[in-house]
Amino acid sequence: MKKHLYRIFLLPVVLLAATACNDNDYETTMGDVDQRLDEAISSYYGELSAAENGWIANIPTSKGIYRFWMDFTDDNRVTMYTDNLMYPDFRTTPDESSYRIQGLQRPTLIFDTYSYLAIINDPNSDISGGSAEDNQGLETDFEFEIASFDGDTFSLLGRRNRVEATLTRASAEEKNLVQQGALMQVQEDLQQFINRDGYCYVALGSGKVAVDFDLRSVTLSYVQGTNTVISATASSYVDLKHNIVLQEPLVMQGSIISGFLWNDATQSYTAVSSQQIPVQRQDEAIIGLDAMLGAGSGYKYSALAVRLSMYGGDTSCEIAQQLVNFGKEISTVFRMTLGDIYMRFGELEGRPYIDMEVEFGLYQAVFTFDILENPNGTTKLLRYNTDYDPVGNSQTLLDNGCGQKLCDYLTGKTFRKTWLKQSFGTYRMGALTDTKDPANYMPVSYTHLRAHETLSDLV
């Protein structure tokens with residue numbers, strides 16, 4: 001606040017000083033500012049284009065850090081490689097576009113034509129992989145103020161979303177690895193590590209802390225009490241030596257984890273703290289899904305999504321067949337395709353329930369099940385109604401012969417919340433499993449867990 005006041009009261013002094021000097025002095029003073037800005041811009045152009053091995057860019061997004069290799073020329077051209085696994089054909093394919101440095105509030109690096117960087121900014125979610133609701137791409141930037149330069153690293157600040165990006169001078173080895181496809185390869189290698197059997201953990205404090213690796217983030221978690229999950233997440237990236245670099249340290253059980261080092265000989269990671277802590281695996285989940293999934297503040301997740309493709313082609317179990325038939329009903333009557341079905345846990349005035357939200361075409365219907373949460377961690381579906389559907393689509397489905405067989409089938413079923421020994425992409429999968437038949441289940445993956453809304457939010 002004092003800084004802003006200082007600027008306000010300084011202005012009259014500057015004006016008085018200007019009137020006391022001749023016009024030439026005033027113009028020279030302003031000219032010095034413009035000259036310094038031009039010199040800074042010229043210097044930055046020179047630094048960017050003189051790097052014979054190019055630069056590694058770390059760009060924060062809503063889905064973690066994306067990495068690019070960039071090579072700048074002195075005629076405003078830039079060549080890029082990307083680590084974007086949505087586009088595997090780009091692995092060893094360079095993309096050339098244009099850039100400029102413009103004097104705005106401060107020197108600003110602008111990528112002004114479509115490029116690999118523009119893809120993650122694209123408002124079309126099918127292109128960027130961002131949210132289809134907000135049309136903001138991955139909520140990142142393509143215009144960056146140059147905050148500082150230390151000779152090897154540019155610190156950048158996005159003009160729109162204010163992401164704090166870096167541009168670091170690459171080595172000859174890094175350039176060679178990038179051109180061979182390493183930006184994507186190190187992520188695919190991490191994906192293979194994630195998909196191994198067993199659950200990762202580190203020994204911290206007096207117990208085990210679960211380690212959930214994603215391609216662009218790391219989460220540490222443990223259970224406090226009965227079902228309160230304590231967790232911490234940090235954005236991350238995999239460097240070209242397979243180490244996992246955290247954007248900010250993770251603090252858990254009195255320890256500060258600054259990153260994870262890869263050991264090529266043992267094919268394993270160690271967490272870097274005051275000492276190196278090995279990342280270990282065990283067959284049993286460190287945290288059961290019953291402690292992670294449910295209504296209330298103690299649970300990390302409050303919803304699961306069912307998608308037929310999560311069954312991996314085997315839809316022989318009863319629940320899968322019910323879902324297949326439900327999809328056929330919607331297709332026959334409405335000529336629409338069944339999308340995701342979200343099972344969302346909640347409580348209203350102490351009464352637990354599950355909203356079954358059905359997506360079909362561009363529409364959504366909500367069926368609400370009263371449930372009984374048993375002391376052994378199982379959940380029984382008692383009865384269903386359509387009272388909390390905000391637009392009445394659920395009743396429309398029932399009136400047209402769609403969904404009643406599925407809802408009747410689920411009524412009276414008791415489910416156990418369990419982890420599955422399989423993944424959906426890079427995400428560990430769980431399920432609502434029929435207590436009478438462990439082969440009969442609804443699958444869930446991390447990527448489709450959604451935040452909870454109460455019944456009162458829906459009416």
# chains A, B, ... in the order shown; residues from 1 in each chain; ligands from 1

call {"tool": "residues_around", "arguments": {"residues": "Ala170 in chain A", "least_positions_apart": "4", "cutoff": "8 Å", "atoms": "only C-alpha atoms", "output": "list in words"}}
result
Ala51, Asn53, Gly54, Trp55, Ile56, Glu174 and Lys175 of chain A

call {"tool": "write_last_selection", "arguments": {"atoms": "N, CA and C atoms", "output": "short mmCIF file (atom, residue, chain, number, x, y, z; two decimals), in the first residue's frame"}}
result
data_model
loop_
_atom_site.label_atom_id
_atom_site.label_comp_id
_atom_site.auth_asym_id
_atom_site.auth_seq_id
_atom_site.Cartn_x
_atom_site.Cartn_y
_atom_site.Cartn_z
N ALA A 51 21.69 -19.23 -28.36
CA ALA A 51 21.78 -20.52 -27.67
C ALA A 51 21.83 -21.64 -28.69
N ASN A 53 22.09 -24.78 -28.51
CA ASN A 53 21.36 -26.00 -28.20
C ASN A 53 19.90 -25.74 -27.83
N GLY A 54 19.45 -24.51 -28.01
CA GLY A 54 18.06 -24.17 -27.75
C GLY A 54 17.76 -24.03 -26.27
N TRP A 55 16.46 -24.09 -25.94
CA TRP A 55 15.98 -23.83 -24.59
C TRP A 55 14.92 -24.86 -24.20
N ILE A 56 14.86 -25.20 -22.92
CA ILE A 56 13.80 -26.04 -22.39
C ILE A 56 12.80 -25.13 -21.68
N GLU A 174 20.86 -32.62 -24.01
CA GLU A 174 19.41 -32.45 -23.95
C GLU A 174 18.82 -32.24 -25.34
N LYS A 175 19.48 -31.43 -26.15
CA LYS A 175 19.00 -31.21 -27.51
C LYS A 175 18.93 -32.52 -28.29
#

call {"tool": "residues_around", "arguments": {"residues": "Phe193 in chain A", "least_positions_apart": "6", "cutoff": "12 Å", "atoms": "only C-alpha atoms", "output": "compact mmCIF listing (two decimals) with N, CA and C atoms, in the first residue's frame"}}
result
# COMPACT_ATOMS: atom_id res chain seq x y z
N VAL A 186 10.22 -40.11 -21.68
CA VAL A 186 10.38 -40.18 -20.22
C VAL A 186 9.01 -40.27 -19.53
N GLN A 187 7.98 -39.64 -20.12
CA GLN A 187 6.64 -39.75 -19.55
C GLN A 187 6.08 -41.16 -19.75
N TYR A 199 1.24 -50.99 -4.75
CA TYR A 199 0.95 -49.60 -4.40
C TYR A 199 2.20 -48.96 -3.80
N CYS A 200 2.53 -47.77 -4.29
CA CYS A 200 3.76 -47.09 -3.87
C CYS A 200 3.56 -46.39 -2.53
N ASP A 212 1.20 -41.30 -4.91
CA ASP A 212 0.48 -41.45 -6.18
C ASP A 212 1.16 -40.57 -7.22
N PHE A 213 1.85 -41.23 -8.16
CA PHE A 213 2.50 -40.52 -9.25
C PHE A 213 1.52 -40.34 -10.39
N ASP A 214 1.43 -39.13 -10.90
CA ASP A 214 0.77 -38.86 -12.16
C ASP A 214 1.86 -38.32 -13.08
N LEU A 215 1.55 -38.17 -14.37
CA LEU A 215 2.59 -37.70 -15.29
C LEU A 215 2.98 -36.26 -15.03
N HIS A 242 14.83 -38.88 -16.14
CA HIS A 242 13.75 -39.61 -15.47
C HIS A 242 13.52 -39.18 -14.03
N TRP A 262 15.59 -40.90 -9.84
CA TRP A 262 15.47 -42.19 -10.51
C TRP A 262 16.78 -42.94 -10.43
N ASP A 264 18.52 -45.93 -12.25
CA ASP A 264 18.35 -46.75 -13.44
C ASP A 264 18.70 -48.21 -13.17
N THR A 266 18.28 -49.97 -10.32
CA THR A 266 17.22 -50.67 -9.58
C THR A 266 15.83 -50.41 -10.15
N GLN A 267 15.76 -49.52 -11.15
CA GLN A 267 14.47 -49.16 -11.76
C GLN A 267 13.47 -48.69 -10.71
N SER A 268 13.95 -47.79 -9.84
CA SER A 268 13.09 -47.33 -8.75
C SER A 268 13.40 -45.87 -8.43
N TYR A 269 12.51 -45.26 -7.61
CA TYR A 269 12.67 -43.87 -7.20
C TYR A 269 13.01 -43.79 -5.71
N VAL A 279 11.21 -45.29 -2.39
CA VAL A 279 9.81 -45.52 -2.72
C VAL A 279 9.62 -47.02 -2.86
N GLN A 280 8.75 -47.59 -2.01
CA GLN A 280 8.53 -49.04 -1.98
C GLN A 280 7.12 -49.37 -2.47
N ARG A 281 6.87 -50.67 -2.68
CA ARG A 281 5.55 -51.13 -3.13
C ARG A 281 5.06 -52.27 -2.23
N SER A 423 -5.48 -50.28 -14.49
CA SER A 423 -5.45 -48.83 -14.62
C SER A 423 -6.29 -48.40 -15.80
N THR A 426 -3.25 -43.67 -17.06
CA THR A 426 -2.23 -43.68 -16.00
C THR A 426 -2.85 -43.72 -14.62
N TYR A 427 -4.16 -43.89 -14.53
CA TYR A 427 -4.85 -43.76 -13.25
C TYR A 427 -5.24 -45.12 -12.69

call {"tool": "closest_atom_pairs", "arguments": {"of": "range 195-304 of chain A", "to": "range 330-351 of chain A", "cutoff": "9 Å", "atoms": "only C-alpha atoms", "output": "JSON lines"}}
result
{"residue": "A:Leu293", "atom": "CA", "partner": "A:Phe345", "partner_atom": "CA", "distance": 8.0}
{"residue": "A:Gly294", "atom": "CA", "partner": "A:Phe345", "partner_atom": "CA", "distance": 5.4}
{"residue": "A:Ala295", "atom": "CA", "partner": "A:Gly346", "partner_atom": "CA", "distance": 4.6}
{"residue": "A:Gly296", "atom": "CA", "partner": "A:Gly346", "partner_atom": "CA", "distance": 7.1}
{"residue": "A:Tyr301", "atom": "CA", "partner": "A:Phe345", "partner_atom": "CA", "distance": 9.0}
{"residue": "A:Ser302", "atom": "CA", "partner": "A:Phe345", "partner_atom": "CA", "distance": 5.3}
{"residue": "A:Ala303", "atom": "CA", "partner": "A:Arg344", "partner_atom": "CA", "distance": 4.2}
{"residue": "A:Leu304", "atom": "CA", "partner": "A:Met343", "partner_atom": "CA", "distance": 5.2}

call {"tool": "closest_residue", "arguments": {"among": "A:Phe149, A:Val366, A:Met184, A:Lys63", "to": "Tyr87 in chain A", "atoms": "only C-alpha atoms"}}
result
A:Met184

call {"tool": "select_by_dssp", "arguments": {"residues": "range 225-336 of chain A", "states": "helix (DSSP H, G or I)", "output": "VMD selection string"}}
result
chain A and resid 289 to 292 308 to 311 318 to 334

call {"tool": "residues_around", "arguments": {"residues": "Val272 in chain A", "least_positions_apart": "6", "cutoff": "10 Å", "atoms": "only C-alpha atoms", "output": "short mmCIF file (atom, residue, chain, number, x, y, z; two decimals) with all heavy atoms, in the first residue's frame"}}
result
data_model
loop_
_atom_site.label_atom_id
_atom_site.label_comp_id
_atom_site.auth_asym_id
_atom_site.auth_seq_id
_atom_site.Cartn_x
_atom_site.Cartn_y
_atom_site.Cartn_z
N PRO A 249 7.88 -27.95 -2.92
CA PRO A 249 8.06 -29.13 -2.06
C PRO A 249 6.75 -29.62 -1.48
O PRO A 249 5.79 -28.87 -1.30
CB PRO A 249 8.99 -28.61 -0.95
CG PRO A 249 9.65 -27.40 -1.51
CD PRO A 249 8.65 -26.79 -2.44
N SER A 255 8.17 -34.11 7.29
CA SER A 255 9.25 -34.17 6.31
C SER A 255 8.94 -33.29 5.12
O SER A 255 7.77 -33.07 4.77
CB SER A 255 9.48 -35.61 5.82
OG SER A 255 9.90 -36.45 6.88
N ILE A 256 9.98 -32.76 4.51
CA ILE A 256 9.85 -31.93 3.31
C ILE A 256 10.43 -32.71 2.14
O ILE A 256 11.64 -33.01 2.12
CB ILE A 256 10.56 -30.58 3.46
CG1 ILE A 256 9.97 -29.81 4.65
CG2 ILE A 256 10.45 -29.76 2.19
CD1 ILE A 256 10.72 -28.52 4.97
N ILE A 257 9.59 -33.09 1.18
CA ILE A 257 10.02 -33.84 0.00
C ILE A 257 10.22 -32.85 -1.14
O ILE A 257 9.28 -32.16 -1.54
CB ILE A 257 8.98 -34.90 -0.40
CG1 ILE A 257 8.64 -35.80 0.79
CG2 ILE A 257 9.49 -35.71 -1.59
CD1 ILE A 257 9.78 -36.61 1.32
N SER A 258 11.43 -32.77 -1.67
CA SER A 258 11.73 -31.79 -2.72
C SER A 258 11.73 -32.39 -4.12
O SER A 258 11.78 -31.65 -5.11
CB SER A 258 13.08 -31.14 -2.45
OG SER A 258 14.12 -32.12 -2.39
N GLY A 259 11.70 -33.72 -4.22
CA GLY A 259 11.69 -34.35 -5.53
C GLY A 259 11.90 -35.84 -5.41
O GLY A 259 12.00 -36.39 -4.30
N PHE A 260 11.99 -36.53 -6.57
CA PHE A 260 12.19 -37.97 -6.59
C PHE A 260 13.28 -38.29 -7.61
O PHE A 260 13.17 -37.93 -8.78
CB PHE A 260 10.89 -38.70 -6.95
CG PHE A 260 9.81 -38.55 -5.92
CD1 PHE A 260 8.99 -37.43 -5.91
CD2 PHE A 260 9.62 -39.52 -4.95
CE1 PHE A 260 8.00 -37.27 -4.95
CE2 PHE A 260 8.64 -39.38 -3.99
CZ PHE A 260 7.82 -38.25 -3.98
N LEU A 261 14.33 -38.98 -7.15
CA LEU A 261 15.45 -39.32 -8.01
C LEU A 261 15.28 -40.74 -8.56
O LEU A 261 14.92 -41.66 -7.83
CB LEU A 261 16.77 -39.23 -7.24
CG LEU A 261 17.20 -37.85 -6.75
CD1 LEU A 261 18.51 -37.95 -5.97
CD2 LEU A 261 17.34 -36.88 -7.91
N PRO A 278 13.58 -44.46 0.16
CA PRO A 278 13.17 -45.29 -0.98
C PRO A 278 11.65 -45.34 -1.15
O PRO A 278 10.91 -45.40 -0.17
CB PRO A 278 13.73 -46.68 -0.63
CG PRO A 278 13.91 -46.65 0.85
CD PRO A 278 14.25 -45.24 1.21
#

call {"tool": "closest_atom_pairs", "arguments": {"of": "range 163-243 of chain A", "to": "range 411-420 of chain A", "cutoff": "12 Å", "atoms": "only C-alpha atoms", "output": "Markdown table"}}
result
| residue | atom | partner | partner_atom | distance |
| --- | --- | --- | --- | --- |
| A:Asn195 | CA | A:Leu420 | CA | 11.8 |
| A:Asp197 | CA | A:Leu420 | CA | 10.6 |
| A:Gly198 | CA | A:Leu420 | CA | 10.6 |
| A:Tyr199 | CA | A:Trp419 | CA | 10.5 |

call {"tool": "residues_around", "arguments": {"residues": "Asn325 in chain A", "least_positions_apart": "2", "cutoff": "12 Å", "atoms": "only C-alpha atoms", "output": "PyMOL selection string"}}
result
chain A and resi 308+315+318-323+327-332+337-338+401-406

call {"tool": "residues_around", "arguments": {"residues": "range 201-208 of chain A", "least_positions_apart": "4", "cutoff": "10 Å", "atoms": "only C-alpha atoms", "output": "MDAnalysis selection string"}}
result
chainID A and resid 212 220:223 252:255 270:271 277:282 285:287

call {"tool": "residues_around", "arguments": {"residues": "range 155-160 of chain A", "least_positions_apart": "3", "cutoff": "9 Å", "atoms": "only C-alpha atoms", "output": "compact mmCIF listing (two decimals) with C-alpha atoms, in the first residue's frame"}}
result
# COMPACT_ATOMS: atom_id res chain seq x y z
CA THR A 108 7.18 -9.48 -23.31
CA LEU A 109 7.90 -12.71 -25.20
CA GLU A 139 -5.62 -22.16 -18.40
CA THR A 140 -2.09 -21.18 -19.36
CA ASP A 141 -0.45 -18.48 -21.51
CA PHE A 142 1.32 -17.78 -24.79
CA GLU A 143 2.37 -14.19 -23.97
CA PHE A 144 4.97 -13.92 -21.20
CA GLU A 145 6.45 -10.91 -19.45
CA ILE A 146 10.19 -11.38 -18.95
CA ALA A 147 10.58 -10.96 -15.20
CA SER A 148 14.31 -11.68 -15.06
CA PHE A 149 17.24 -13.35 -16.82
CA ASP A 150 20.30 -14.73 -15.01
CA VAL A 163 1.53 -18.66 -14.81
CA GLU A 164 5.17 -18.63 -13.68
CA ALA A 165 7.09 -20.28 -16.50
CA THR A 166 10.81 -20.74 -17.13
CA LEU A 167 12.99 -20.93 -20.21
CA THR A 168 16.34 -22.61 -19.46

call {"tool": "select_by_dssp", "arguments": {"residues": "range 116-317 of chain A", "states": "strand (DSSP E)", "output": "PyMOL selection string"}}
result
chain A and resi 143-149+153-158+164-169+199-204+207-213+217-224+228-238+244-252+255-263+268-272+276-278+280-282+303-306

call {"tool": "atom_distance", "arguments": {"atom1": "CA of Pro438 in chain A", "atom2": "CA of Ser231 in chain A"}}
result
29.2 Å

call {"tool": "decode", "arguments": {"residues": "range 387-409 of chain A", "atoms": "N, CA, C and O atoms", "output": "mmCIF file, in the first residue's frame"}}
result
data_model
loop_
_atom_site.group_PDB
_atom_site.id
_atom_site.type_symbol
_atom_site.label_atom_id
_atom_site.label_comp_id
_atom_site.auth_asym_id
_atom_site.auth_seq_id
_atom_site.Cartn_x
_atom_site.Cartn_y
_atom_site.Cartn_z
ATOM 1 N N ASP A 387 -36.832 -36.907 -7.497
ATOM 2 C CA ASP A 387 -37.236 -35.612 -6.943
ATOM 3 C C ASP A 387 -36.172 -34.527 -7.088
ATOM 4 O O ASP A 387 -36.492 -33.336 -7.063
ATOM 5 N N TYR A 388 -34.907 -34.931 -7.203
ATOM 6 C CA TYR A 388 -33.838 -33.930 -7.197
ATOM 7 C C TYR A 388 -33.203 -33.746 -8.572
ATOM 8 O O TYR A 388 -32.097 -33.232 -8.678
ATOM 9 N N ASP A 389 -33.909 -34.166 -9.590
ATOM 10 C CA ASP A 389 -33.458 -33.884 -10.958
ATOM 11 C C ASP A 389 -33.846 -32.440 -11.276
ATOM 12 O O ASP A 389 -35.024 -32.096 -11.280
ATOM 13 N N PRO A 390 -32.868 -31.556 -11.544
ATOM 14 C CA PRO A 390 -33.193 -30.129 -11.698
ATOM 15 C C PRO A 390 -34.088 -29.807 -12.884
ATOM 16 O O PRO A 390 -34.784 -28.793 -12.883
ATOM 17 N N VAL A 391 -34.109 -30.652 -13.923
ATOM 18 C CA VAL A 391 -34.929 -30.343 -15.107
ATOM 19 C C VAL A 391 -35.924 -31.446 -15.449
ATOM 20 O O VAL A 391 -36.683 -31.328 -16.411
ATOM 21 N N GLY A 392 -35.935 -32.538 -14.678
ATOM 22 C CA GLY A 392 -36.938 -33.583 -14.894
ATOM 23 C C GLY A 392 -36.604 -34.610 -15.948
ATOM 24 O O GLY A 392 -37.475 -35.388 -16.351
ATOM 25 N N ASN A 393 -35.339 -34.657 -16.409
ATOM 26 C CA ASN A 393 -34.989 -35.617 -17.456
ATOM 27 C C ASN A 393 -35.092 -37.068 -16.981
ATOM 28 O O ASN A 393 -35.359 -37.970 -17.777
ATOM 29 N N SER A 394 -34.854 -37.302 -15.688
ATOM 30 C CA SER A 394 -34.912 -38.680 -15.196
ATOM 31 C C SER A 394 -36.324 -39.252 -15.330
ATOM 32 O O SER A 394 -36.510 -40.407 -15.722
ATOM 33 N N GLN A 395 -37.317 -38.444 -14.995
ATOM 34 C CA GLN A 395 -38.696 -38.914 -15.127
ATOM 35 C C GLN A 395 -39.069 -39.111 -16.590
ATOM 36 O O GLN A 395 -39.799 -40.048 -16.945
ATOM 37 N N THR A 396 -38.536 -38.247 -17.464
ATOM 38 C CA THR A 396 -38.769 -38.412 -18.902
ATOM 39 C C THR A 396 -38.203 -39.730 -19.393
ATOM 40 O O THR A 396 -38.834 -40.440 -20.199
ATOM 41 N N LEU A 397 -37.005 -40.086 -18.905
ATOM 42 C CA LEU A 397 -36.424 -41.377 -19.277
ATOM 43 C C LEU A 397 -37.322 -42.521 -18.829
ATOM 44 O O LEU A 397 -37.631 -43.434 -19.610
ATOM 45 N N LEU A 398 -37.747 -42.472 -17.574
ATOM 46 C CA LEU A 398 -38.598 -43.547 -17.051
ATOM 47 C C LEU A 398 -39.907 -43.646 -17.820
ATOM 48 O O LEU A 398 -40.378 -44.746 -18.143
ATOM 49 N N ASP A 399 -40.507 -42.495 -18.123
ATOM 50 C CA ASP A 399 -41.778 -42.482 -18.858
ATOM 51 C C ASP A 399 -41.648 -43.087 -20.242
ATOM 52 O O ASP A 399 -42.649 -43.547 -20.827
ATOM 53 N N ASN A 400 -40.436 -43.084 -20.776
ATOM 54 C CA ASN A 400 -40.212 -43.626 -22.117
ATOM 55 C C ASN A 400 -39.512 -44.990 -22.082
ATOM 56 O O ASN A 400 -38.933 -45.430 -23.081
ATOM 57 N N GLY A 401 -39.556 -45.628 -20.917
ATOM 58 C CA GLY A 401 -39.050 -46.998 -20.821
ATOM 59 C C GLY A 401 -37.542 -47.106 -20.740
ATOM 60 O O GLY A 401 -36.986 -48.170 -21.084
ATOM 61 N N CYS A 402 -36.871 -46.052 -20.293
ATOM 62 C CA CYS A 402 -35.408 -46.061 -20.209
ATOM 63 C C CYS A 402 -34.948 -45.929 -18.747
ATOM 64 O O CYS A 402 -35.307 -44.949 -18.079
ATOM 65 N N GLY A 403 -34.200 -46.890 -18.251
ATOM 66 C CA GLY A 403 -33.562 -46.745 -16.954
ATOM 67 C C GLY A 403 -34.216 -47.469 -15.805
ATOM 68 O O GLY A 403 -33.577 -47.703 -14.777
ATOM 69 N N GLN A 404 -35.498 -47.841 -15.925
ATOM 70 C CA GLN A 404 -36.165 -48.468 -14.783
ATOM 71 C C GLN A 404 -35.545 -49.825 -14.450
ATOM 72 O O GLN A 404 -35.373 -50.156 -13.270
ATOM 73 N N LYS A 405 -35.187 -50.606 -15.455
ATOM 74 C CA LYS A 405 -34.577 -51.914 -15.205
ATOM 75 C C LYS A 405 -33.248 -51.756 -14.469
ATOM 76 O O LYS A 405 -32.943 -52.529 -13.549
ATOM 77 N N LEU A 406 -32.443 -50.754 -14.869
ATOM 78 C CA LEU A 406 -31.162 -50.520 -14.202
ATOM 79 C C LEU A 406 -31.382 -50.105 -12.752
ATOM 80 O O LEU A 406 -30.756 -50.648 -11.837
ATOM 81 N N CYS A 407 -32.291 -49.138 -12.535
ATOM 82 C CA CYS A 407 -32.532 -48.638 -11.181
ATOM 83 C C CYS A 407 -33.123 -49.737 -10.287
ATOM 84 O O CYS A 407 -32.736 -49.862 -9.113
ATOM 85 N N ASP A 408 -34.050 -50.535 -10.815
ATOM 86 C CA ASP A 408 -34.630 -51.634 -10.044
ATOM 87 C C ASP A 408 -33.559 -52.666 -9.693
ATOM 88 O O ASP A 408 -33.564 -53.243 -8.593
ATOM 89 N N TYR A 409 -32.647 -52.896 -10.644
ATOM 90 C CA TYR A 409 -31.572 -53.869 -10.404
ATOM 91 C C TYR A 409 -30.656 -53.403 -9.273
ATOM 92 O O TYR A 409 -30.259 -54.206 -8.408
#
